[in-house]
Amino acid sequence: MIGATVERALEKNDREKRKAYWRGRNAAKWGKKKAKPSAGTMKQKSEVSDADFAADQLKTVSRASFSSRSLLNRAEATVFQALDQAVIARNPGWQVMAQVSLGEFLSSPDKDAYLAVNSKRVDFALMDEKCCVVHALEYQGSGHHTGTSAAARDAVKKEALRKAGIGYHEVVAGHTTPSELRALVEKLVPAG
């Protein structure tokens with residue numbers, strides 16, 4: 001619970017910083033050109049602000065350069081290939097997904113709780129034939145716990161997944177052999 005509270009506070013702080021940044025940019029941009037909206041036009045103005053916000057982001061992205069990069073590092077790619085082969089061999093209707101945002105397969109009526117997990121990712125998600133995530137696997141590489149917030153982030157993910165009825169499993173670098181990974185798949189994925 002402490003980890004979840006800390007993580008929520010950190011995410012709220014980051015979210016507020018981003019909002020303040022964009023508000024400042026938009027205020028500087030639009031403050032000179034437009035008068036303050038009256039109470040009667042506030043809703044329409046906020047809708048325009050969303051469009052302005054998106055337009056400003058588009059301009060920022062248009063000015064920047066981007067390049068493609070690998071979705072997985074070398075160690076994660078090795079685990080992915082072994083996991084994918086084991087899952088397909090066990091049940092061809094199931095799929096392995098990589099780097100999946102929790103916000104894509106979890107929902108909550110509590111907006112703050114949803115925002116706390118929305119941008120967090122699991123390394124691998126096991127998806128059944130109905131396209132529902134049933135299990136999440138985290139690859140704990142050698143550098144996983146180097147930061148102070150890794151344990152807090154993991155606690156938030158574990159709790160959200162537990163509440164949704166989704167299994168959470170760790171694959172530890174240097175400790176999980178290919179045969180142990182296959183045994184885990186046999187335990188988690190029904191034969192197809």
# chains A, B, ... in the order shown; residues from 1 in each chain; ligands from 1

$ closest_atom_pairs --of "region 40-85 of chain A" --to "region 96-117 of chain A" --cutoff "12 Å" --atoms "only C-alpha atoms" --output "JSON lines"
{"residue": "A:Ser70", "atom": "CA", "partner": "A:Gln99", "partner_atom": "CA", "distance": 11.3}
{"residue": "A:Leu71", "atom": "CA", "partner": "A:Gln99", "partner_atom": "CA", "distance": 7.5}
{"residue": "A:Leu72", "atom": "CA", "partner": "A:Ala98", "partner_atom": "CA", "distance": 8.0}
{"residue": "A:Asn73", "atom": "CA", "partner": "A:Gln99", "partner_atom": "CA", "distance": 11.2}
{"residue": "A:Glu76", "atom": "CA", "partner": "A:Ala98", "partner_atom": "CA", "distance": 9.2}
{"residue": "A:Ala77", "atom": "CA", "partner": "A:Ala98", "partner_atom": "CA", "distance": 9.3}
{"residue": "A:Val79", "atom": "CA", "partner": "A:Ala98", "partner_atom": "CA", "distance": 10.5}
{"residue": "A:Phe80", "atom": "CA", "partner": "A:Ala98", "partner_atom": "CA", "distance": 7.6}
{"residue": "A:Gln81", "atom": "CA", "partner": "A:Val96", "partner_atom": "CA", "distance": 9.4}
{"residue": "A:Ala82", "atom": "CA", "partner": "A:Val96", "partner_atom": "CA", "distance": 10.4}
{"residue": "A:Leu83", "atom": "CA", "partner": "A:Val96", "partner_atom": "CA", "distance": 7.4}
{"residue": "A:Asp84", "atom": "CA", "partner": "A:Val96", "partner_atom": "CA", "distance": 5.7}
{"residue": "A:Gln85", "atom": "CA", "partner": "A:Val96", "partner_atom": "CA", "distance": 9.3}

$ atom_distance --atom1 "CA of Ala150 (chain A)" --atom2 "CA of Phe124 (chain A)"
17.0 Å

$ closest_residue --among "A:Glu129, A:Leu137, A:Val189, A:Lys17" --to "Leu161 (chain A)" --atoms "only C-alpha atoms"
A:Leu137

$ residues_around --residues "Val172 (chain A)" --least-positions-apart "4" --cutoff "10 Å" --atoms "only C-alpha atoms" --output "list in words"
Glu138, Tyr139, Gln140, Gly141, Ser142, His144, Thr176 and Thr177 of chain A

$ closest_residue --among "A:His169, A:Lys130, A:Lys19, A:His175" --to "Leu188 (chain A)" --atoms "only C-alpha atoms"
A:His169

$ closest_residue --among "A:Ala191, A:Val87, A:Ala20, A:Ala173" --to "Ala125 (chain A)" --atoms "only C-alpha atoms"
A:Val87

$ select_by_dssp --residues "region 115-171 of chain A" --states "helix (DSSP H, G or I)" --output "PDB file with C-alpha atoms, in the first residue's frame"
ATOM      1  CA  LEU A 115      -4.583   7.123 -14.306  1.00  0.00           C
ATOM      2  CA  ALA A 116      -2.163   5.567 -11.800  1.00  0.00           C
ATOM      3  CA  VAL A 117      -1.851   2.452 -13.989  1.00  0.00           C
ATOM      4  CA  ASN A 118      -2.730   3.732 -17.459  1.00  0.00           C
ATOM      5  CA  ALA A 150      11.057   0.177  -9.324  1.00  0.00           C
ATOM      6  CA  ALA A 151       9.635  -1.651  -6.310  1.00  0.00           C
ATOM      7  CA  ALA A 152       6.880   0.947  -5.928  1.00  0.00           C
ATOM      8  CA  ARG A 153       5.960   0.690  -9.642  1.00  0.00           C
ATOM      9  CA  ASP A 154       5.889  -3.106  -9.421  1.00  0.00           C
ATOM     10  CA  ALA A 155       3.665  -2.948  -6.312  1.00  0.00           C
ATOM     11  CA  VAL A 156       1.166  -0.727  -8.146  1.00  0.00           C
ATOM     12  CA  LYS A 157       1.099  -3.074 -11.150  1.00  0.00           C
ATOM     13  CA  LYS A 158       0.763  -6.201  -9.001  1.00  0.00           C
ATOM     14  CA  GLU A 159      -2.131  -4.764  -7.015  1.00  0.00           C
ATOM     15  CA  ALA A 160      -4.058  -3.592 -10.088  1.00  0.00           C
ATOM     16  CA  LEU A 161      -3.539  -6.937 -11.818  1.00  0.00           C
ATOM     17  CA  ARG A 162      -4.544  -8.865  -8.679  1.00  0.00           C
ATOM     18  CA  LYS A 163      -7.758  -6.854  -8.361  1.00  0.00           C
ATOM     19  CA  ALA A 164      -8.565  -7.553 -12.030  1.00  0.00           C
TER      20      ALA A 164
END
